[in-house]
Each structure stands twice: as C-alpha cells, then as structure tokens.
file upload05.txt (compact mmCIF, C-alpha atoms (C1' of nucleotides))
# COMPACT_ATOMS: atom_id res chain seq x y z
CA MET A 1 4.32 -36.58 13.21
CA SER A 2 7.55 -35.09 14.48
CA ARG A 3 8.79 -34.27 10.98
CA LYS A 4 10.00 -30.72 10.76
CA GLU A 5 7.65 -29.83 7.90
CA GLN A 6 4.65 -30.45 10.16
CA PRO A 7 3.92 -26.75 10.81
CA LEU A 8 3.51 -26.25 7.07
CA ILE A 9 1.15 -29.21 6.75
CA ASP A 10 -0.87 -27.87 9.67
CA TYR A 11 -0.96 -24.44 8.10
CA ILE A 12 -2.23 -25.80 4.80
CA ASN A 13 -4.80 -28.02 6.52
CA ARG A 14 -6.24 -24.99 8.24
CA ILE A 15 -7.16 -23.67 4.79
CA VAL A 16 -7.86 -26.78 2.69
CA GLU A 17 -7.92 -30.49 3.54
CA LEU A 18 -5.10 -32.73 2.38
CA SER A 19 -5.34 -36.52 2.34
CA GLU A 20 -2.38 -38.61 3.61
CA GLU A 21 -1.44 -39.29 0.02
CA GLU A 22 -1.55 -35.65 -0.98
CA GLU A 23 0.64 -34.80 1.98
CA GLN A 24 3.22 -37.28 0.75
CA ILE A 25 3.22 -35.84 -2.75
CA LEU A 26 3.57 -32.38 -1.31
CA LEU A 27 6.46 -33.39 0.93
CA SER A 28 8.27 -34.93 -2.02
CA GLY A 29 8.09 -31.64 -3.92
CA ILE A 30 9.55 -29.38 -1.26
CA LYS A 31 12.82 -28.95 0.61
CA THR A 32 13.76 -27.48 3.95
CA ARG A 33 16.79 -25.28 4.30
CA ARG A 34 18.62 -23.39 7.02
CA TYR A 35 20.04 -19.92 6.67
CA LEU A 36 22.34 -18.11 9.06
CA LYS A 37 21.58 -14.67 10.41
CA GLY A 38 22.42 -12.15 7.69
CA GLN A 39 22.04 -14.55 4.77
CA TYR A 40 19.77 -13.74 1.85
CA ILE A 41 16.91 -15.94 0.69
CA LEU A 42 16.29 -13.57 -2.22
CA GLN A 43 18.18 -10.65 -3.71
CA GLN A 44 16.79 -7.65 -5.57
CA GLY A 45 17.16 -8.20 -9.34
CA ASP A 46 17.05 -12.01 -9.14
CA VAL A 47 13.95 -13.85 -10.22
CA CYS A 48 12.24 -15.25 -7.14
CA SER A 49 12.57 -19.00 -7.70
CA VAL A 50 11.11 -20.14 -4.39
CA SER A 51 8.23 -19.36 -2.14
CA ALA A 52 9.28 -19.84 1.48
CA PHE A 53 7.43 -20.81 4.64
CA VAL A 54 9.21 -19.95 7.89
CA LEU A 55 9.56 -22.93 10.27
CA LYS A 56 11.86 -21.14 12.72
CA GLY A 57 13.47 -17.72 12.74
CA CYS A 58 12.75 -14.29 11.34
CA THR A 59 13.27 -12.51 8.03
CA LYS A 60 12.90 -9.00 6.68
CA THR A 61 11.79 -8.16 3.16
CA PHE A 62 13.18 -4.84 2.01
CA TYR A 63 13.80 -2.65 -0.97
CA LEU A 64 16.75 -0.43 -1.79
CA ASP A 65 15.73 2.73 -3.63
CA ASP A 66 17.76 4.78 -6.12
CA GLN A 67 19.47 6.63 -3.27
CA GLY A 68 20.45 3.36 -1.60
CA GLN A 69 17.87 3.91 1.14
CA GLU A 70 16.45 0.76 2.68
CA HIS A 71 12.66 0.40 2.96
CA VAL A 72 11.36 -2.54 4.96
CA ILE A 73 8.26 -4.04 3.35
CA MET A 74 7.50 -6.80 5.82
CA PHE A 75 8.82 -9.12 8.49
CA SER A 76 8.16 -12.85 8.62
CA ILE A 77 8.33 -15.14 11.61
CA GLU A 78 7.24 -18.73 12.31
CA ASP A 79 4.18 -19.81 10.30
CA TRP A 80 4.42 -16.94 7.82
CA TRP A 81 5.11 -16.96 4.14
CA THR A 82 7.93 -14.92 2.77
CA SER A 83 8.83 -14.32 -0.85
CA ASP A 84 8.28 -11.73 -3.51
CA LEU A 85 4.97 -13.10 -4.77
CA ALA A 86 5.00 -10.66 -7.66
CA SER A 87 8.34 -11.97 -8.88
CA PHE A 88 7.50 -15.59 -8.14
CA ILE A 89 4.19 -15.47 -9.96
CA THR A 90 5.40 -13.63 -13.03
CA GLN A 91 9.00 -14.98 -12.98
CA THR A 92 10.40 -11.50 -13.48
CA PRO A 93 13.28 -9.86 -11.55
CA SER A 94 12.39 -9.05 -7.98
CA ASP A 95 12.26 -5.57 -6.48
CA PHE A 96 12.91 -6.99 -3.05
CA ASN A 97 15.51 -8.62 -0.85
CA VAL A 98 14.65 -11.19 1.78
CA GLN A 99 17.30 -11.42 4.47
CA CYS A 100 17.38 -13.44 7.68
CA LEU A 101 17.43 -11.45 10.91
CA GLU A 102 18.07 -14.63 12.90
CA ASN A 103 19.24 -18.13 12.05
CA THR A 104 16.23 -19.29 10.09
CA GLU A 105 14.80 -22.55 8.82
CA VAL A 106 12.34 -22.52 5.97
CA VAL A 107 10.39 -24.80 3.67
CA LEU A 108 11.04 -23.93 0.05
CA PHE A 109 8.51 -24.33 -2.77
CA PRO A 110 10.57 -24.24 -5.94
CA TYR A 111 8.88 -22.63 -8.91
CA GLU A 112 9.93 -25.47 -11.26
CA THR A 113 7.95 -28.05 -9.36
CA HIS A 114 5.12 -25.67 -8.56
CA ASP A 115 3.03 -26.35 -11.67
CA LYS A 116 3.62 -30.08 -11.43
CA LEU A 117 2.60 -30.01 -7.79
CA LEU A 118 -0.62 -28.15 -8.64
CA GLU A 119 -1.44 -30.77 -11.25
CA GLU A 120 -0.87 -33.67 -8.90
CA VAL A 121 -2.56 -32.05 -5.93
CA PRO A 122 -5.22 -29.82 -7.48
CA ILE A 123 -6.56 -28.76 -4.10
CA LEU A 124 -3.36 -26.76 -3.72
CA GLU A 125 -4.58 -24.48 -6.49
CA ARG A 126 -7.31 -23.35 -4.12
CA PHE A 127 -4.84 -23.11 -1.27
CA PHE A 128 -2.57 -20.80 -3.23
CA ARG A 129 -5.50 -18.73 -4.40
CA LYS A 130 -6.58 -18.28 -0.81
CA ILE A 131 -3.20 -17.19 0.47
CA ILE A 132 -2.86 -14.77 -2.42
CA GLU A 133 -6.30 -13.41 -1.59
CA ARG A 134 -5.23 -12.92 1.99
CA ALA A 135 -2.05 -11.20 0.93
CA LEU A 136 -4.10 -8.91 -1.30
CA VAL A 137 -6.49 -8.00 1.49
CA ALA A 138 -3.56 -7.26 3.82
CA SER A 139 -1.79 -5.19 1.20
CA GLN A 140 -4.88 -3.12 0.39
CA LYS A 141 -5.48 -2.44 4.05
CA ARG A 142 -1.90 -1.30 4.39
CA VAL A 143 -2.33 1.16 1.52
CA VAL A 144 -5.34 2.58 3.35
CA ARG A 145 -3.47 2.83 6.64
CA ASN A 146 -0.55 4.57 5.03
CA LEU A 147 -2.89 7.07 3.38
CA SER A 148 -5.14 7.80 6.32
CA MET A 149 -3.19 7.32 9.56
CA SER A 150 -0.47 9.39 11.23
CA ALA A 151 2.91 7.84 12.02
CA ARG A 152 1.93 7.58 15.65
CA ASP A 153 -1.27 5.69 14.86
CA ARG A 154 0.50 3.39 12.43
CA TYR A 155 2.97 2.54 15.17
CA LEU A 156 0.20 1.84 17.67
CA TYR A 157 -1.50 -0.37 15.10
CA PHE A 158 1.72 -2.24 14.41
CA ARG A 159 2.40 -2.76 18.10
CA LYS A 160 -1.08 -4.13 18.67
CA GLN A 161 -1.13 -6.28 15.53
CA TYR A 162 2.36 -7.75 15.73
CA PRO A 163 3.49 -7.69 19.38
CA LEU A 164 5.79 -10.68 18.83
CA ILE A 165 7.59 -9.03 15.97
CA GLU A 166 8.14 -5.81 17.89
CA GLN A 167 10.00 -7.77 20.54
CA ARG A 168 12.30 -9.53 18.10
CA VAL A 169 13.23 -6.85 15.62
CA PRO A 170 15.43 -3.77 16.14
CA GLN A 171 13.56 -0.51 16.42
CA TYR A 172 15.19 1.17 13.43
CA LEU A 173 13.82 -1.55 11.17
CA ILE A 174 10.34 -1.05 12.58
CA ALA A 175 10.69 2.66 11.85
CA SER A 176 11.58 1.78 8.28
CA TYR A 177 8.57 -0.51 8.02
CA LEU A 178 6.35 2.31 9.25
CA GLY A 179 7.87 4.71 6.72
CA ILE A 180 9.47 7.05 9.27
CA THR A 181 12.97 7.71 10.62
CA LYS A 182 14.32 5.90 13.66
CA GLU A 183 14.68 9.25 15.44
CA PHE A 184 11.02 10.06 14.96
CA LEU A 185 9.92 6.64 16.16
CA SER A 186 12.07 7.16 19.24
CA LYS A 187 10.27 10.48 19.82
CA ILE A 188 6.85 8.88 19.40
CA LYS A 189 7.74 6.20 21.95
CA SER A 190 8.94 8.71 24.52
CA GLN A 191 5.77 10.76 24.00
CA LEU A 192 3.64 7.67 24.57
CA ILE A 193 5.52 6.90 27.78
CA GLN A 194 5.17 10.51 28.97
CA GLU A 195 1.43 10.39 28.47
CA GLN A 196 0.87 7.69 31.06
CA MET B 1 -20.34 -10.22 -31.92
CA SER B 2 -21.86 -6.84 -31.24
CA ARG B 3 -23.19 -7.91 -27.85
CA LYS B 4 -22.31 -5.39 -25.21
CA GLU B 5 -20.53 -7.93 -23.00
CA GLN B 6 -17.93 -8.47 -25.72
CA PRO B 7 -15.21 -6.33 -24.04
CA LEU B 8 -15.43 -8.62 -20.99
CA ILE B 9 -15.15 -11.77 -23.12
CA ASP B 10 -12.15 -10.27 -24.89
CA TYR B 11 -10.59 -9.34 -21.58
CA ILE B 12 -10.98 -12.88 -20.22
CA ASN B 13 -9.71 -14.42 -23.45
CA ARG B 14 -6.53 -12.40 -23.14
CA ILE B 15 -5.83 -14.29 -19.90
CA VAL B 16 -7.38 -17.74 -20.42
CA GLU B 17 -9.12 -19.36 -23.40
CA LEU B 18 -12.88 -19.84 -23.35
CA SER B 19 -14.72 -22.14 -25.74
CA GLU B 20 -17.96 -20.94 -27.37
CA GLU B 21 -19.88 -23.06 -24.91
CA GLU B 22 -18.04 -21.69 -21.89
CA GLU B 23 -18.75 -18.18 -23.13
CA GLN B 24 -22.44 -18.99 -23.23
CA ILE B 25 -22.45 -20.36 -19.68
CA LEU B 26 -20.56 -17.30 -18.53
CA LEU B 27 -22.96 -14.92 -20.25
CA SER B 28 -25.91 -16.66 -18.62
CA GLY B 29 -24.42 -16.08 -15.17
CA ILE B 30 -23.81 -12.34 -15.42
CA LYS B 31 -25.86 -9.20 -15.87
CA THR B 32 -25.12 -5.79 -17.25
CA ARG B 33 -26.33 -2.68 -15.50
CA ARG B 34 -26.26 1.07 -15.98
CA TYR B 35 -25.62 3.58 -13.22
CA LEU B 36 -26.03 7.34 -13.39
CA LYS B 37 -23.28 9.72 -12.41
CA GLY B 38 -23.19 9.90 -8.62
CA GLN B 39 -24.80 6.50 -8.00
CA TYR B 40 -23.13 3.92 -5.80
CA ILE B 41 -22.21 0.41 -6.92
CA LEU B 42 -21.06 -0.40 -3.39
CA GLN B 43 -21.36 1.34 -0.03
CA GLN B 44 -19.01 1.14 2.95
CA GLY B 45 -20.42 -1.34 5.51
CA ASP B 46 -22.32 -3.44 2.96
CA VAL B 47 -21.01 -6.82 1.94
CA CYS B 48 -19.72 -6.59 -1.61
CA SER B 49 -22.11 -8.88 -3.46
CA VAL B 50 -20.83 -8.25 -6.97
CA SER B 51 -17.57 -7.95 -8.78
CA ALA B 52 -17.91 -5.38 -11.57
CA PHE B 53 -16.23 -4.94 -14.94
CA VAL B 54 -16.53 -1.48 -16.47
CA LEU B 55 -17.89 -1.48 -20.03
CA LYS B 56 -18.29 2.28 -20.26
CA GLY B 57 -17.78 5.10 -17.79
CA CYS B 58 -15.66 5.80 -14.75
CA THR B 59 -15.83 5.01 -11.04
CA LYS B 60 -13.94 5.95 -7.91
CA THR B 61 -13.34 3.63 -4.98
CA PHE B 62 -12.95 5.53 -1.74
CA TYR B 63 -12.92 5.23 1.99
CA LEU B 64 -14.32 7.56 4.63
CA ASP B 65 -12.18 7.65 7.77
CA ASP B 66 -13.30 8.34 11.35
CA GLN B 67 -13.08 12.08 10.75
CA GLY B 68 -15.27 11.79 7.67
CA GLN B 69 -12.29 12.45 5.40
CA GLU B 70 -12.48 10.86 1.97
CA HIS B 71 -9.52 8.82 0.72
CA VAL B 72 -9.60 7.71 -2.91
CA ILE B 73 -8.22 4.20 -3.30
CA MET B 74 -8.54 3.75 -7.05
CA PHE B 75 -10.27 4.84 -10.22
CA SER B 76 -11.69 2.44 -12.79
CA ILE B 77 -12.44 3.12 -16.44
CA GLU B 78 -13.32 0.93 -19.43
CA ASP B 79 -11.82 -2.58 -19.27
CA TRP B 80 -11.01 -2.37 -15.54
CA TRP B 81 -12.37 -4.31 -12.65
CA THR B 82 -13.89 -2.49 -9.77
CA SER B 83 -15.08 -3.94 -6.47
CA ASP B 84 -13.80 -4.46 -2.98
CA LEU B 85 -12.11 -7.78 -3.61
CA ALA B 86 -11.43 -8.19 0.10
CA SER B 87 -15.14 -7.91 0.92
CA PHE B 88 -16.23 -9.95 -2.10
CA ILE B 89 -13.85 -12.79 -1.36
CA THR B 90 -14.53 -13.02 2.35
CA GLN B 91 -18.17 -11.84 2.24
CA THR B 92 -17.56 -9.43 5.10
CA PRO B 93 -18.61 -5.76 5.28
CA SER B 94 -16.70 -3.53 2.93
CA ASP B 95 -14.40 -0.68 3.97
CA PHE B 96 -14.95 1.01 0.64
CA ASN B 97 -17.48 2.84 -1.47
CA VAL B 98 -17.60 2.57 -5.24
CA GLN B 99 -19.30 5.56 -6.83
CA CYS B 100 -19.77 6.46 -10.48
CA LEU B 101 -18.05 9.64 -11.64
CA GLU B 102 -19.85 9.43 -14.99
CA ASN B 103 -22.86 7.54 -16.30
CA THR B 104 -21.44 4.05 -16.20
CA GLU B 105 -22.29 0.64 -17.61
CA VAL B 106 -20.86 -2.45 -15.96
CA VAL B 107 -20.99 -6.22 -16.09
CA LEU B 108 -21.84 -7.66 -12.68
CA PHE B 109 -20.59 -10.99 -11.36
CA PRO B 110 -22.94 -11.81 -8.48
CA TYR B 111 -21.32 -13.67 -5.62
CA GLU B 112 -24.22 -16.18 -5.41
CA THR B 113 -23.57 -17.51 -8.88
CA HIS B 114 -19.81 -17.18 -8.57
CA ASP B 115 -19.16 -20.63 -7.10
CA LYS B 116 -21.57 -22.29 -9.49
CA LEU B 117 -19.91 -20.52 -12.38
CA LEU B 118 -16.48 -21.72 -11.27
CA GLU B 119 -17.77 -25.27 -11.12
CA GLU B 120 -19.28 -25.14 -14.57
CA VAL B 121 -16.37 -23.28 -16.14
CA PRO B 122 -13.34 -24.41 -14.15
CA ILE B 123 -10.95 -22.42 -16.28
CA LEU B 124 -12.42 -19.33 -14.65
CA GLU B 125 -10.79 -20.43 -11.40
CA ARG B 126 -7.44 -19.75 -13.05
CA PHE B 127 -8.73 -16.52 -14.52
CA PHE B 128 -9.76 -15.20 -11.11
CA ARG B 129 -6.52 -16.33 -9.56
CA LYS B 130 -4.61 -14.42 -12.21
CA ILE B 131 -6.52 -11.20 -11.77
CA ILE B 132 -6.13 -11.42 -8.01
CA GLU B 133 -2.40 -11.98 -8.51
CA ARG B 134 -2.24 -8.88 -10.68
CA ALA B 135 -4.15 -6.88 -8.12
CA LEU B 136 -1.73 -8.04 -5.45
CA VAL B 137 1.31 -7.07 -7.49
CA ALA B 138 -0.18 -3.64 -8.15
CA SER B 139 -1.09 -3.15 -4.52
CA GLN B 140 2.38 -4.13 -3.26
CA LYS B 141 4.01 -1.78 -5.72
CA ARG B 142 1.77 1.00 -4.50
CA VAL B 143 2.83 0.38 -0.90
CA VAL B 144 6.44 0.70 -2.01
CA ARG B 145 5.77 3.91 -3.95
CA ASN B 146 3.96 5.46 -1.02
CA LEU B 147 6.85 4.60 1.28
CA SER B 148 9.72 5.64 -0.93
CA MET B 149 8.55 8.42 -3.25
CA SER B 150 7.77 12.10 -2.62
CA ALA B 151 4.35 13.51 -3.46
CA ARG B 152 5.79 15.13 -6.56
CA ASP B 153 7.25 11.86 -7.83
CA ARG B 154 4.06 9.98 -7.08
CA TYR B 155 2.16 12.52 -9.15
CA LEU B 156 4.60 12.22 -12.05
CA TYR B 157 4.26 8.43 -11.87
CA PHE B 158 0.48 8.65 -11.84
CA ARG B 159 0.44 11.03 -14.80
CA LYS B 160 2.68 8.75 -16.81
CA GLN B 161 0.90 5.56 -15.83
CA TYR B 162 -2.71 6.71 -16.15
CA PRO B 163 -2.83 9.62 -18.61
CA LEU B 164 -6.42 8.82 -19.58
CA ILE B 165 -7.62 8.92 -16.02
CA GLU B 166 -5.93 12.24 -15.33
CA GLN B 167 -7.94 13.79 -18.14
CA ARG B 168 -11.28 12.47 -16.91
CA VAL B 169 -11.14 12.94 -13.19
CA PRO B 170 -11.20 16.19 -11.18
CA GLN B 171 -7.86 17.20 -9.75
CA TYR B 172 -8.95 17.15 -6.11
CA LEU B 173 -9.76 13.46 -6.41
CA ILE B 174 -6.34 12.78 -7.90
CA ALA B 175 -4.81 14.61 -4.95
CA SER B 176 -6.76 12.35 -2.62
CA TYR B 177 -5.58 9.27 -4.52
CA LEU B 178 -1.99 10.47 -4.15
CA GLY B 179 -2.49 11.05 -0.43
CA ILE B 180 -2.03 14.83 -0.53
CA THR B 181 -4.27 17.91 -0.38
CA LYS B 182 -5.68 19.52 -3.51
CA GLU B 183 -3.83 22.72 -2.65
CA PHE B 184 -0.50 20.94 -2.56
CA LEU B 185 -1.15 19.18 -5.85
CA SER B 186 -1.97 22.55 -7.36
CA LYS B 187 1.38 23.84 -6.08
CA ILE B 188 3.26 20.84 -7.51
CA LYS B 189 1.66 21.39 -10.91
CA SER B 190 2.53 25.07 -11.01
CA GLN B 191 6.12 24.24 -10.00
CA LEU B 192 6.33 21.70 -12.83
CA ILE B 193 5.08 24.28 -15.32
CA GLN B 194 7.53 26.91 -14.00
CA GLU B 195 10.45 24.53 -14.50
CA GLN B 196 10.01 24.31 -18.23
C1' DC C 1 -28.35 38.12 -17.79
C1' DA C 2 -27.21 37.22 -12.95
C1' DC C 3 -26.62 33.35 -9.76
C1' DT C 4 -25.17 29.24 -8.06
C1' DC C 5 -22.13 25.57 -7.35
C1' DA C 6 -18.25 22.81 -8.31
C1' DT C 7 -13.45 23.16 -9.32
C1' DG C 8 -9.00 25.15 -9.13
C1' DT C 9 -5.35 28.79 -7.53
C1' DT C 10 -2.44 31.53 -4.52
C1' DA C 11 -0.36 32.82 -0.41
C1' DA C 12 0.40 33.01 4.69
C1' DT C 13 0.90 30.36 8.61
C1' DC C 14 1.50 26.08 10.88
C1' DT C 15 3.02 21.17 11.96
C1' DA C 16 4.39 16.38 11.31
C1' DG C 17 8.24 14.37 10.28
C1' DT C 18 13.47 14.80 8.48
C1' DT C 19 18.24 15.88 8.98
C1' DT C 20 22.29 16.41 11.37
C1' DA C 21 24.99 15.70 15.03
C1' DA C 22 26.36 14.75 19.67
C1' DC C 23 25.68 11.62 23.28
C1' DT C 24 24.28 7.04 25.80
C1' DT C 25 23.97 2.08 26.51
C1' DC C 26 25.29 -2.26 26.23
C1' DA C 27 27.10 -6.46 24.21
C1' DT C 28 31.37 -8.43 21.99
C1' DT C 29 36.02 -8.61 21.08
C1' DT C 30 40.88 -8.05 22.21
C1' DA D 1 39.88 -3.49 31.39
C1' DA D 2 39.92 -0.99 27.26
C1' DA D 3 38.07 -0.71 22.73
C1' DT D 4 34.98 -1.29 19.13
C1' DG D 5 30.56 -1.19 17.17
C1' DA D 6 25.54 -1.75 16.83
C1' DA D 7 21.35 0.15 18.67
C1' DG D 8 18.85 3.83 20.76
C1' DT D 9 18.10 8.82 22.58
C1' DT D 10 17.84 13.82 22.57
C1' DA D 11 17.65 18.25 20.74
C1' DA D 12 18.19 22.08 17.25
C1' DA D 13 17.43 23.51 12.70
C1' DC D 14 15.01 22.51 8.67
C1' DT D 15 11.39 21.11 4.97
C1' DA D 16 7.57 18.71 2.78
C1' DG D 17 3.17 19.02 3.04
C1' DA D 18 -1.32 20.58 5.77
C1' DT D 19 -4.46 24.16 7.02
C1' DT D 20 -6.95 28.20 6.45
C1' DA D 21 -8.87 31.54 3.91
C1' DA D 22 -9.59 34.61 0.13
C1' DC D 23 -10.07 34.79 -4.65
C1' DA D 24 -10.66 33.06 -9.77
C1' DT D 25 -12.81 30.43 -13.30
C1' DG D 26 -16.26 28.38 -15.76
C1' DA D 27 -20.39 25.56 -16.61
C1' DG D 28 -24.96 25.13 -15.88
C1' DT D 29 -29.56 26.95 -14.54
C1' DG D 30 -33.62 30.16 -13.24

call {"tool": "encode", "arguments": {"input": "upload05.txt", "output": "structure tokens"}}
result
Amino acid sequence: MSRKEQPLIDYINRIVELSEEEEQILLSGIKTRRYLKGQYILQQGDVCSVSAFVLKGCTKTFYLDDQGQEHVIMFSIEDWWTSDLASFITQTPSDFNVQCLENTEVVLFPYETHDKLLEEVPILERFFRKIIERALVASQKRVVRNLSMSARDRYLYFRKQYPLIEQRVPQYLIASYLGITKEFLSKIKSQLIQEQ
Amino acid sequence: MSRKEQPLIDYINRIVELSEEEEQILLSGIKTRRYLKGQYILQQGDVCSVSAFVLKGCTKTFYLDDQGQEHVIMFSIEDWWTSDLASFITQTPSDFNVQCLENTEVVLFPYETHDKLLEEVPILERFFRKIIERALVASQKRVVRNLSMSARDRYLYFRKQYPLIEQRVPQYLIASYLGITKEFLSKIKSQLIQEQ
DNA sequence: CACTCATGTTAATCTAGTTTAACTTCATTT
DNA sequence: AAATGAAGTTAAACTAGATTAACATGAGTG
C-alpha cells in the first residue's frame, strides 16, 4: 500500500474499477522516473513516447513560436497528467515541450506497451477515453474563455481555479499561460490590490 | 447503397471497419432529420441529447456570454460532426447553441441508445474514442493559435484551412469565430487586397 | 418600383494590452 | 560584504484591435 505508484492507482480507481490482478498487470507495464528541476520530459519536434502522471513536483508544457517566444500551455502538479496527447495518440512530432519546474517524480506510460496494456486490461480503454474526454472539455472551455473574457477576468478565473499552482509557479509564466505580458499581469495585480 | 445515411457509414469506415451486420445495427439505432435555416439543433442550457453528423447543410455552434454577445465556436458542413461533446458526454447542461445556417439534414445519435449501441457494436467504442481524440487535438491547436497568432494570421490560417466554409458563411460570423469584430476583419481583408 | 432588412465598408476616436527601459527585491554565489 | 542574476514593479510611448456611427450594397418582398 505504500508503493509510490499508489496515487496513480487511486486516480484510476476514481474513474474505473481495477481488480487486484489488473493492478498488477498495470504496474508491470509502467515505470517511475525522477527528473531534476529544469530537465525535459518531452521536447518540441520529438514524438511523444510516454504519457506521464505526476507523483510529486511540477511541470510546464510550453511552445516556442517562430520568433522564439515561449507560450505556456499548461502546468501540471501532483495527480495531473502531462504529455502532448496529440503527439502521443498520433505518434507524430510534438509541438510542445514539457519541462520540470521542480524536482519531479512521474509515472510513465510508454507508448510501446500501451496497446498491449489495453488488450490485457480492457477496462483501461474506457479509462483513457474518459481522461481524453475530460481533456477535451477543459480545452474547449479554455477556447471559450480566451475568446470571451478579458485578461483580468482570465487571471481571476485562473487564481480561483488553480490556487495551488499560482503559489508554486513564477508570475511571468502565469502571464504567459494567460496570453499576456508579465508587465501587464503585474499591472492587473496592483489594480486588484488598489480596489480593496 | 443510395441510402441517405451512406456518407456517415463511409465516414465511420474510414476510421474503423464495420461488417454488414454492424452497419445494420448502427442504422437501426440512428435517425435522420431535417432542419430549416435558422432552426436550433441544440440550445444553451439544455442537455445535449444527440450527437449529430451533417449530411447536407451548414451549422454554427455559438455561445452567448453574460453581456449577450455571441461567440462562434465552430462551423460544421457536410461530413462533420456537430454537437456539444462536453454536454453529450457528461449529460450536463450545454454552454452552446447549434443553429442551422442553411436548410440542413443530419444523422442523430441519441444518447439513450448510445450505450446500447456501443455494447452491440463494440468497435464503435474505438470509433468514438478516435473522433474525441481528433477533436481534442484540434481544440488544443486552436488554443495555441489563439495565444500565439495575430488576428490577421488567424484569418489567413482559417482561409487556407477552411476555404469552403469561408464561401458559405457570412463574414461577420467568421469574425466572431476568429475572436475579432466584423469591422476589423473588413479592415484586414482590405489591407490584404491592397498589398497585392 | 420603392422598401426593408441583412450584410459589408470606411473612418474617427478610444482602450486593452505591448514594448522598452529603468529600477527594486531578494536569494545565491564568491 | 560585494556581486551576480532571476523575478517582479513602474511608467511612458506605442499599437492591435474595439467602438461608434454613417454610409453602401444587394437580395428579397409588398
């Protein structure tokens, strides 16, 4: 029960139910790995060969555009998935980088064993469908927010939705996530303080 | 072979392979329906009870914000899916409206028969997973575009990616889809013409 | 034919957010 | 204790895009 993969098992069991035996098969098909702060789990241009579940630590997923500008797509902390699902699913080169913002420990689902795992534990097919569905819902809602909310409102939403992340991640990365400059986020924050 | 649902069967067969028998079961679980221009397939606040495949016509999916402003999320034409997947999947009230921009004929997948259909034709489970995966990839790429591209570049991308839609849909709705005002899109277009 | 009504254009003014650049804070290294 | 460097702040000048409003076009329709 004190195995380090337990948070992953718990996470999966909140969505589908695994038998003891299925848990064992699952555990045999995955690995845990530690990364140091600054290390990359995935680099832009590489095919995403693993889907990762964060046991401890924090990562950022970002994208470098033609001008070399960094755009943060998401952060991941304990109990979150991180990977470029698009690249993982289609096994095509990734648009994204995943880099650790802290020393980070993850469970890795390698793509090679993924199909085999789904065959041996078919209930995982439903599990993966469900997490992809959730990711889709979240992504669609983000499109809507970006289209219909001001920078200030997006920040307030972020702060409310992810209070733990705001405390762990430097402000200039949050600005990037929100699609604004760090200077403007600083201005928004000082306005919010003024107003009270 | 000249049944009107054929485009749907073809679409599915491009992703998974259905036997004759599976096709028959599928056909018995779906309905086709016509809508007139202006009619709604789905209204904001209702639970999305059907997933729709467009046989003929054109729809817009949009969202009304607190100020009553309309934000177009997507257009769908022949051979596209249209529905609020988030609402359909989770059976919670939808954030979106789906309205027909032309007289439109669709195939409807009712949610009630959805589970039964998946049981009887298990290969459809994979089919739905794949189309959700595609939707996720598309949605994530759109987030990136909205964060990293100017309005002008988003328009050029749209024009290149969806030339057929541009011809069928009024310009002010395209502006809304791009997240800009119709006046600004008009300005962008006249600038593009000037430059040549 | 004249009259709507929906769509698109142009131009002036305005504002949310960017850019640039100088300065502050604070933790880490030497 | 000085020095370096990463993170954050402030403020002035600037720009992409919004707003407002007047006008243009064109396809129905009475």

call {"tool": "atom_distance", "arguments": {"input": "upload05.txt", "atom1": "atom CA of Ser87 of chain B", "atom2": "atom CA of Gln140 of chain A"}}
result
11.3 Å

call {"tool": "residues_around", "arguments": {"input": "upload05.txt", "residues": "segment 3-9 of chain D", "least_positions_apart": "4", "cutoff": "8 Å", "atoms": "only C-alpha atoms (C1' of nucleotides)", "output": "MDAnalysis selection string"}}
result
(chainID A and resid 170 183 186) or (chainID C and resid 24:25 29:30)

call {"tool": "atom_distance", "arguments": {"input": "upload05.txt", "atom1": "atom CA of Ala86 of chain B", "atom2": "atom CA of Val50 of chain A"}}
result
25.9 Å

call {"tool": "closest_atom_pairs", "arguments": {"input": "upload05.txt", "of": "chain D", "to": "chain B", "cutoff": "12 Å", "atoms": "only C-alpha atoms (C1' of nucleotides)", "output": "CSV"}}
result
residue,atom,partner,partner_atom,distance
D:DA16,C1',B:Ser150,CA,8.5
D:DG17,C1',B:Phe184,CA,7.0
D:DA18,C1',B:Thr181,CA,7.3
D:DT19,C1',B:Thr181,CA,9.7
D:DT20,C1',B:Glu183,CA,11.1

call {"tool": "write_last_selection", "arguments": {"input": "upload05.txt", "atoms": "C-alpha atoms (C1' of nucleotides)", "output": "PDB file, in the frame of the given file"}}
result
ATOM      1  C1'  DA D  16       7.570  18.710   2.780  1.00  0.00           C
ATOM      2  C1'  DG D  17       3.170  19.020   3.040  1.00  0.00           C
ATOM      3  C1'  DA D  18      -1.320  20.580   5.770  1.00  0.00           C
ATOM      4  C1'  DT D  19      -4.460  24.160   7.020  1.00  0.00           C
ATOM      5  C1'  DT D  20      -6.950  28.200   6.450  1.00  0.00           C
TER       6       DT D  20
END

call {"tool": "closest_residue", "arguments": {"input": "upload05.txt", "among": "B:Arg154, B:Lys182, B:Lys31, B:Lys37", "to": "chain C", "atoms": "all atoms listed in the file"}}
result
B:Lys182

call {"tool": "atom_distance", "arguments": {"input": "upload05.txt", "atom1": "atom CA of Arg134 of chain B", "atom2": "atom CA of Leu8 of chain A"}}
result
25.5 Å
